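Chemist: So that we are looking at the same thing, I have put the structure below in C-alpha cells.
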Amino acid sequence: MKKAMKLFWSYDVEKTENWLKDMASQGYILKKLKRASRTFYFEQATPQNLSYRISFERNQGPVLASSLTENGWKIAAASGKWQILKNSYSEKDIKTAPVRQGIITHNRNVSFVFFGLLFYLLGVLLANVSTLASSWFQDGTISVEPSPLWAITYLFLALTFGAIGLASYSIVKIKKSNQAMLQEKATAAAAKQKHHQPTPKIPQPSGDFVKKVKLGWMYAPDRLESWLEKMEQQGYQLHHVGTIGTVFYFVKGEPRCMSYHAEYMSTVESSYFSIYEDAGWLKIFESWSAMEKWVIWSREYREGEEKPRIYTEGSSHLKRARRMASLYTILFLPMLFIYALNANREFQEFMHEGTTLSLFGVLPAIAFVLFLSFIYRMWAYYIRLRKHYSVLNS
Amino acid sequence: MNADKVMKKYIPMTETAYYILLSLTEPRHGYGIVKHVEEISGGRLRLGSGTVYGTLTKMQKDGVITVFADEERKTLYEITDLGKQLILAEIGRLKELHQNAVKYEGDFL
C-alpha cells in the first residue's frame with residue numbers, strides 16, 4: 001500500500017482529481033482517505049483509466065443519486081461529508097457528475113474563518129507594534145530585559161506569522177479555485193447554449209439616464225418593488241443599478257407592465273439563478289458581497305395578463321423574509337447596545353458636567369435611532385407580507 | 001432525517017410539495033419541474049421560481065431528493081428512496097380521500 005500526503009488537497013479539488021487520475025494511470029488506485037493526517041492510501045494494481053470527482057455533501061450520507069450510479073460512478077473513498085467518486089467509463093460516456101456547489105460553499109465558509117483569524121492576528125500584531133513604537137518615540141530607545149522566557153515569545157511570534165501565512169494562502173487559493181469552478185460551469189453552459197435562445201441584450205439608451213438614489217431599500221424590499229413598478233408605468237424603464245445598489249438608472253421610454261422582486265439570499269447557488277432565468281426572470285441587480293447577497297429580478301408582462309410572481313405560495317416567501325429580518329436583527333443588536341451605552345454616557349456628561357452638546361456627542365444617539373428604525377422596518381415588512389398572504393388565502 | 005420525522009413533517013402535503021415530488025418520475029431541472037407540473041395539472045398550477053427553489057432546497061436538506069449535474073453542469077433533481085416512500089404514503093392518503101369522495105358525493109347532490 002502506497003501513502004501520499006496532500007496538505008491542501010481540498011482547496012483545489014480539480015487539481016487533486018487530476019492527480020488521482022494520474023496515479024491510477026500509473027497503477028495506484030485510491031483506497032482510502034484519512035482527513036486528519038491528509039493522507040491518501042493507494043493499492044497497486046494494473047494501470048487504469050479512471051476519472052475522479054470529489055464532492056462535499058452537507059445533507060445526505062454516502063448514498064449516490066441513482067443517475068450517478070447508472071452512469072458508472074462509484075464511491076472510491078469517503079470521509080465525513082467528503083466523498084471521492086471514481087468512474088471507469090471513457091470520458092465521452094460520462095454524462096453526469098456530482099454537483100460542485102457543496103465544495104464551493106464549504107470552501108467559502110473555510111475562507112471566512114481564515115478571514116476572521118487574519119483580522120484578529122493582524123490586530124494583535126498591530127497593538128504590539130504600536131506599543132513598541134510609542135515607547136521608542138518617547139525614549140528613543142527600547143530597553144530589552146533579558147528573560148529566560150524569550151524563547152516562548154519568539155515561538156509565539158513565529159506561530160503568529162505562520163498562521164498569517166496559512167490564512168492568506170488559504171484565502172487566495174480558495175478564491176481562485178472557487179472562481180474556476182464557477183467558470184467551468186458557465187463555459188459548459190455556454191457551449192450548449194447554441195440551441196437555446198440568447199438572453200436579450202439590454203440596449204444602450206439614446207438619451208440620458210434619469211438617476212434616482214434609494215437608500216436602505218433592503219429593509220423594505222416590497223416598497224422598492226412597488227416603486228419600481230410605478231416608475232415603469234410612468235415610462236421610466238429601469239436600465240441598471242449601481243454597483244452597491246443605491247443608485248437606480250432609468251431611461252425614459254414607453255410605459256411597461258413589469259413585475260419586480262427583490263430578495264435576500266444567505267447562500268447563493270448557481271441552481272438558484274438558473275431556475276429563475278429559465279422561467280423568464282431577468283436579473284437586474286446582484287450585490288457583490290458573498291455574505292450578504294441581494295438580488296433584484298424583473299419580468300415584463302402584457303397588460304391584462306396576470307402579474308408574474310416569484311412566490312406562488314406564502315410559506316416559502318414568509319420563511320425567506322423571516323430569516324432575513326432575524327439575521328439583520330442579530331447583526332444589529334450588538335451595535336444598538338454599544339450606541340445606547342455611548343449615547344447614555346454623552347447624555348450624562350451633558351447633564352452633570354454641563355459640557356456643550358457637540359455634533360459628535362449626539363452621533364451615537366442618531367446611530368441608535370437609525371439602527372432601531374432598520375430593525376423596525378424589517379419586521380414591519382414581514383408583518384405586511386403575512387397580512388398580504390392571509391388576505392390572499394381567506 | 002429519519003423516515004418517521006420526514007413523514008410527520010410532510011404529510012399531509014401542500015399542493016406545491018405534492019406536485020413537485022410527483023413530477024420527479026425522472027430526474028428533472030428546476031424549470032423542467034415547473035413546466036411538467038403545469039402540464040399535468042392542465043395549466044392550473046404555475047409554480048413560482050422562488051417557491052420551487054425554496055421547496056427543492058428544503059427537500060434536499062431532508063433527504064427526500066438528491067442532486068447531480070449534467071453535461072452542462074446544470075443541476076438535476078432526483079427522488080431518493082426516502083422520497084419514494086414519502087410520495088407513496090401521500091398517494092395512499094389521497095386515495096382514501098378520493099374513495100370517500102366518490103362514495104359520498106351522491107349524498108350532497
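Each chain in the C-alpha cells gets a letter, A, B and so on, in the order shown; residues start at 1 in every chain, and ligands are counted from 1 in the order they appear.
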Write out as a list of chain:residue names every residue belonging to chain A that has an atom at most 6 Å from any atom of chain B, counting only C-alpha atoms.

Modeler: A:Asn59, A:Lys95, A:Thr96, A:Ala97, A:Pro98, A:Val99, A:Lys185, A:Ala188, A:Ala189, A:Ile275, A:Tyr276, A:Arg309, A:Ile310, A:Tyr311, A:Thr312, A:Ser316

Chemist: May I have the selected residues written with C-alpha atoms, as a compact mmCIF listing (two decimals), in the first residue's frame?

Modeler:
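What follows is the written file result_5.txt:
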```
# COMPACT_ATOMS: atom_id res chain seq x y z
CA ASN A 59 -27.08 16.72 3.95
CA LYS A 95 -22.67 12.37 -18.87
CA THR A 96 -23.18 13.15 -15.21
CA ALA A 97 -21.19 14.50 -12.29
CA PRO A 98 -21.78 15.29 -8.65
CA VAL A 99 -22.56 18.97 -8.14
CA LYS A 185 -19.99 25.82 -15.17
CA ALA A 188 -20.10 24.32 -20.12
CA ALA A 189 -23.49 26.02 -20.22
CA ILE A 275 -34.35 28.22 -12.09
CA TYR A 276 -35.27 31.92 -12.16
CA ARG A 309 -44.88 36.20 -9.27
CA ILE A 310 -41.77 34.54 -7.88
CA TYR A 311 -43.64 33.10 -4.94
CA THR A 312 -46.92 31.33 -5.59
CA SER A 316 -41.62 29.88 1.30
```

Chemist: Taking the backbone alone, and naming residues the way the document does, which bits of chain B are strand (DSSP E) by DSSP, as a list in words?

Modeler: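 Going through chain B, the strand (DSSP E) residues come out as Ile65, Thr66, Val67, Phe68, Ala69, Thr75, Leu76, Tyr77, Glu78 and Ile79 of chain B.
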
Chemist: Store the residues picked out above, limited to N, CA and C atoms, as a PDB file, in the first residue's frame.

Modeler:
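See result34.pdb below for the written result:
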```pdb
ATOM      1  N   ILE B  65     -34.998  14.366  -1.711  1.00  0.00           N
ATOM      2  CA  ILE B  65     -34.471  14.375  -3.074  1.00  0.00           C
ATOM      3  C   ILE B  65     -32.950  14.538  -3.009  1.00  0.00           C
ATOM      4  N   THR B  66     -32.310  14.284  -4.137  1.00  0.00           N
ATOM      5  CA  THR B  66     -30.867  14.467  -4.209  1.00  0.00           C
ATOM      6  C   THR B  66     -30.546  15.132  -5.552  1.00  0.00           C
ATOM      7  N   VAL B  67     -29.324  15.626  -5.687  1.00  0.00           N
ATOM      8  CA  VAL B  67     -28.993  16.352  -6.922  1.00  0.00           C
ATOM      9  C   VAL B  67     -27.750  15.777  -7.591  1.00  0.00           C
ATOM     10  N   PHE B  68     -27.641  16.033  -8.868  1.00  0.00           N
ATOM     11  CA  PHE B  68     -26.395  15.777  -9.598  1.00  0.00           C
ATOM     12  C   PHE B  68     -26.349  16.749 -10.764  1.00  0.00           C
ATOM     13  N   ALA B  69     -25.202  16.781 -11.447  1.00  0.00           N
ATOM     14  CA  ALA B  69     -25.042  17.738 -12.537  1.00  0.00           C
ATOM     15  C   ALA B  69     -24.996  16.998 -13.868  1.00  0.00           C
ATOM     16  N   THR B  75     -27.904  21.662 -12.605  1.00  0.00           N
ATOM     17  CA  THR B  75     -28.372  20.789 -11.537  1.00  0.00           C
ATOM     18  C   THR B  75     -29.637  20.039 -11.937  1.00  0.00           C
ATOM     19  N   LEU B  76     -29.646  18.736 -11.714  1.00  0.00           N
ATOM     20  CA  LEU B  76     -30.830  17.911 -11.929  1.00  0.00           C
ATOM     21  C   LEU B  76     -31.270  17.373 -10.577  1.00  0.00           C
ATOM     22  N   TYR B  77     -32.580  17.267 -10.389  1.00  0.00           N
ATOM     23  CA  TYR B  77     -33.119  16.784  -9.122  1.00  0.00           C
ATOM     24  C   TYR B  77     -33.648  15.367  -9.297  1.00  0.00           C
ATOM     25  N   GLU B  78     -33.319  14.513  -8.333  1.00  0.00           N
ATOM     26  CA  GLU B  78     -33.748  13.115  -8.401  1.00  0.00           C
ATOM     27  C   GLU B  78     -34.364  12.720  -7.067  1.00  0.00           C
ATOM     28  N   ILE B  79     -35.422  11.923  -7.126  1.00  0.00           N
ATOM     29  CA  ILE B  79     -36.073  11.492  -5.879  1.00  0.00           C
ATOM     30  C   ILE B  79     -35.225  10.387  -5.223  1.00  0.00           C
TER      31      ILE B  79
END
```

Chemist: What separation in Å, quoted to one decimal, exists between atom CA of A:Arg38 and atom CA of A:Ser51?

Modeler: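 Going from atom CA of A:Arg38 over to atom CA of A:Ser51, I get 20.8 Å.
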